[in-house]
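S.K.: Here it is, the structure in full.
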Amino acid sequence: MRLKKLKLYFSLFRITFSISAFTFGGGYVVIPMMRRYFVNDLALISEQELLDMAAIAQSTPGAIAVNIAVLAGYRIAGITGAIITCIGTVLPPLIILSVISFFYKSFRDNRVISAILKGMEAGVAATIVDILIDMWQGIIREKNLLLTLMAPITFFANFIFNINVLVIIIFCSILCFIQAYIKIRQGGIRGE
Amino acid sequence: MNNIIFTLLTTFLQIGLLSIGGGYAIIPLIQEQVVNSYNWLTLQEYTDIIAISQMTPGPLVVNTASFVGIRIAGIPGAIVATLGSILSGFIVSIVLYNFFKKHKDIDSISNVLKGLRSSSVGLIASAASTIIMIAFLGTSSFNFDNADINIAAIIVFIISLLLLRKYKPNPVLIIVVSGFAGLIFY
């Protein structure tokens, strides 16, 4: 039993460490990778739960990649799991940046490295767009007009008008709360 | 020495706490503290870190914390600054997760979570658009005058997306292969 737990801890560490070592191009790449390992391969969390985690990680302070890893670890193995996945996620950038801090100028100007990274950008963009399509289909399936409109409106607010993320999140939360509240009240009246 | 470690911890705790949403929005926030208030880095060094952050894995906050920490106070500095930058996210996300889980039967609260999920799709789409613009045009601003359309990147993007939709390969594989494609094409 204890051995099984240790094995779980170890695989949590191994997966988050290797995911983190490949999170080029922003925290969102973590979502398709988490889906691959934790949802599809190991079936430790459901797709729905992963999307909830992504939504919460997005709405809390700090780096999204770290927050999602913490939540996945917490969901799978409690607070110990959260600490393990957190360390697993933070360790690769910590090591890499510590090493790079000594010779970062030559790293920055290296043409081979920048060519590889340039290519990766396109691959990263494709991975994120891939999971976006799935997420968007999930939202449409809810058949809730407010939720359906919220995604494109958030996109325009953030991408075109540069509105602060915190403002968007608070505004959306209030709208959804009110929507549910009105629905409950209407339901209550009808029920009488 | 202990004093510096403590300042590193509190400064990055503050940065971590204020950096909601991640991405490029937090760049000026970190700059304010690290460059303007404490002079830990010059503006040039900070710009370099942003470039390096795009080249290396890991979130910008964690990368900056590690880099600044090790320069100011060695390995302990790097560890403490990194810890500071992630601590508030660690605590707040677990508290929120438990809150939503505990009240998932209350419609108004579960609807808020659904709303956050919808808006996170919008925010992810926004971040993806920025990456796409940088990959395709080499710029993230809407000033297209000196934009330089990168056909190779567009081809890599389309092929990757088609492969992902059709065969559901491991995303890591796609990213590694497109890195090699970059090496060949550019």
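By convention here, the chains of the structure tokens are called A, B, ... in the order presented, each chain's residues are numbered starting at 1, and ligands are numbered starting at 1 in the order presented.
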Residues near Leu83 of chain B, anyone? I mean within 9 Å using only C-alpha atoms, not counting same-chain ones fewer than 6 positions away, as a list in words.

M.R.: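 In the requested format, the answer is Val90 of chain A; Leu9, Phe12, Leu13, Val62 and Ala65 of chain B.
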
S.K.: Tell me, as a list in words, which residues lie within 12 Å of Val167 of chain A, counting only C-alpha atoms; anything in the same chain fewer than 3 positions away does not count.

M.R.: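 Surrounding residues, per the criterion: Ser59, Thr154, Ala157, Asn158, Asn162, Ile163, Asn164, Ile170, Phe171, Cys172, Ser173 and Ile174 of chain A; Ile20, Gly21 and Ser119 of chain B.
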
S.K.: Store the residues picked out above, limited to all heavy atoms, as a short mmCIF file (atom, residue, chain, number, x, y, z; two decimals), in the first residue's frame.

M.R.:
data_model
loop_
_atom_site.label_atom_id
_atom_site.label_comp_id
_atom_site.auth_asym_id
_atom_site.auth_seq_id
_atom_site.Cartn_x
_atom_site.Cartn_y
_atom_site.Cartn_z
N SER A 59 -8.02 31.91 -12.94
CA SER A 59 -8.63 32.98 -12.14
C SER A 59 -7.88 33.26 -10.85
O SER A 59 -8.34 34.06 -10.05
CB SER A 59 -10.07 32.61 -11.79
OG SER A 59 -10.72 32.09 -12.91
N THR A 154 -14.98 37.58 -24.11
CA THR A 154 -13.74 37.63 -23.34
C THR A 154 -12.54 37.76 -24.27
O THR A 154 -11.62 38.54 -24.03
CB THR A 154 -13.57 36.36 -22.50
OG1 THR A 154 -14.71 36.19 -21.69
CG2 THR A 154 -12.34 36.45 -21.62
N ALA A 157 -12.43 41.31 -25.59
CA ALA A 157 -12.10 42.24 -24.51
C ALA A 157 -10.61 42.18 -24.20
O ALA A 157 -9.96 43.20 -24.01
CB ALA A 157 -12.91 41.91 -23.27
N ASN A 158 -10.06 40.96 -24.17
CA ASN A 158 -8.67 40.81 -23.79
C ASN A 158 -7.71 41.07 -24.95
O ASN A 158 -6.73 41.80 -24.81
CB ASN A 158 -8.44 39.42 -23.21
CG ASN A 158 -7.05 39.26 -22.63
OD1 ASN A 158 -6.24 38.49 -23.12
ND2 ASN A 158 -6.75 40.03 -21.60
N ASN A 162 -7.51 44.89 -24.76
CA ASN A 162 -6.54 44.83 -23.66
C ASN A 162 -7.12 45.08 -22.28
O ASN A 162 -6.47 45.71 -21.44
CB ASN A 162 -5.43 45.87 -23.90
CG ASN A 162 -4.35 45.30 -24.79
OD1 ASN A 162 -4.00 44.12 -24.64
ND2 ASN A 162 -3.87 46.09 -25.71
N ILE A 163 -8.33 44.61 -22.06
CA ILE A 163 -8.93 44.81 -20.74
C ILE A 163 -8.30 43.83 -19.75
O ILE A 163 -8.04 42.67 -20.08
CB ILE A 163 -10.46 44.62 -20.81
CG1 ILE A 163 -11.05 45.72 -21.69
CG2 ILE A 163 -11.09 44.67 -19.41
CD1 ILE A 163 -12.52 45.59 -21.96
N ASN A 164 -8.03 44.33 -18.56
CA ASN A 164 -7.36 43.53 -17.53
C ASN A 164 -8.10 42.22 -17.24
O ASN A 164 -9.32 42.20 -17.13
CB ASN A 164 -7.27 44.38 -16.26
CG ASN A 164 -6.42 43.72 -15.21
OD1 ASN A 164 -6.81 42.73 -14.63
ND2 ASN A 164 -5.25 44.27 -14.98
N ILE A 170 -13.91 38.91 -12.86
CA ILE A 170 -14.90 39.34 -11.86
C ILE A 170 -16.24 39.63 -12.53
O ILE A 170 -17.30 39.19 -12.07
CB ILE A 170 -14.38 40.58 -11.09
CG1 ILE A 170 -13.22 40.18 -10.19
CG2 ILE A 170 -15.50 41.20 -10.25
CD1 ILE A 170 -12.51 41.33 -9.52
N PHE A 171 -16.19 40.31 -13.66
CA PHE A 171 -17.40 40.65 -14.39
C PHE A 171 -18.16 39.38 -14.82
O PHE A 171 -19.37 39.27 -14.61
CB PHE A 171 -17.01 41.49 -15.61
CG PHE A 171 -18.17 42.12 -16.31
CD1 PHE A 171 -18.88 43.14 -15.71
CD2 PHE A 171 -18.54 41.69 -17.58
CE1 PHE A 171 -19.95 43.73 -16.36
CE2 PHE A 171 -19.60 42.27 -18.24
CZ PHE A 171 -20.32 43.29 -17.63
N CYS A 172 -17.44 38.40 -15.38
CA CYS A 172 -18.07 37.14 -15.81
C CYS A 172 -18.68 36.41 -14.62
O CYS A 172 -19.78 35.85 -14.72
CB CYS A 172 -17.04 36.22 -16.47
SG CYS A 172 -16.51 36.80 -18.06
N SER A 173 -17.94 36.38 -13.49
CA SER A 173 -18.44 35.66 -12.32
C SER A 173 -19.76 36.27 -11.85
O SER A 173 -20.71 35.55 -11.54
CB SER A 173 -17.43 35.73 -11.17
OG SER A 173 -16.20 35.23 -11.59
N ILE A 174 -19.81 37.59 -11.79
CA ILE A 174 -21.02 38.26 -11.33
C ILE A 174 -22.19 37.96 -12.27
O ILE A 174 -23.29 37.61 -11.83
CB ILE A 174 -20.79 39.79 -11.20
CG1 ILE A 174 -19.77 40.05 -10.08
CG2 ILE A 174 -22.09 40.52 -10.90
CD1 ILE A 174 -19.32 41.50 -10.00
N ILE B 20 -2.27 38.03 -12.02
CA ILE B 20 -3.40 37.19 -12.42
C ILE B 20 -3.49 37.16 -13.94
O ILE B 20 -3.34 38.18 -14.59
CB ILE B 20 -4.71 37.70 -11.81
CG1 ILE B 20 -4.69 37.44 -10.31
CG2 ILE B 20 -5.92 37.04 -12.46
CD1 ILE B 20 -6.01 37.62 -9.64
N GLY B 21 -3.74 35.98 -14.48
CA GLY B 21 -3.95 35.88 -15.91
C GLY B 21 -2.70 35.56 -16.71
O GLY B 21 -2.77 35.03 -17.79
N SER B 119 -14.94 31.93 -19.95
CA SER B 119 -14.05 33.06 -20.15
C SER B 119 -12.61 32.59 -20.27
O SER B 119 -11.81 33.23 -20.95
CB SER B 119 -14.22 34.11 -19.05
OG SER B 119 -13.85 33.59 -17.82
#

S.K.: Considering only alpha helix (DSSP H) as DSSP defines it on the backbone, what residues of segment 28-191 of chain A qualify? List them as a ChimeraX atom specification.

M.R.: /A:30-34,47-59,64-100,104-108,111-141,145-155,165-191

S.K.: Using only C-alpha atoms, which of B:Asn2, B:Ser126, B:Asn63, B:Gln31 sits nearest Ile153 of chain A?

M.R.: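 So, comparing all the options, the nearest one is B:Ser126.
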
S.K.: Smallest atom-to-atom distance to Ala153 of chain B: which of A:Ala122, A:Val70, A:Ala63, A:Cys86, using only C-alpha atoms?

M.R.: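 When distances to Ala153 of chain B are compared using only C-alpha atoms, the smallest one comes from A:Ala122.
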
S.K.: Rounded to one decimal place, report the atom CA of Ala82 of chain A-atom CA of Pro59 of chain B distance in Å.

M.R.: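 Computed distance, atom CA of Ala82 of chain A to atom CA of Pro59 of chain B, equals 17.7 Å.
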
S.K.: Ranking A:Ile116, A:Leu166, A:Ile131, A:Ala72 by minimum distance to Thr56 of chain B and counting only C-alpha atoms, which one comes first?

M.R.: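 Counting only C-alpha atoms, the residue closest to Thr56 of chain B is A:Ile116.
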
S.K.: Calculate how many Å separate atom CA of Gln48 of chain A from atom CA of Gly138 of chain A, rounding to one decimal.

M.R.: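 Separating atom CA of Gln48 of chain A from atom CA of Gly138 of chain A is a distance of 9.1 Å.
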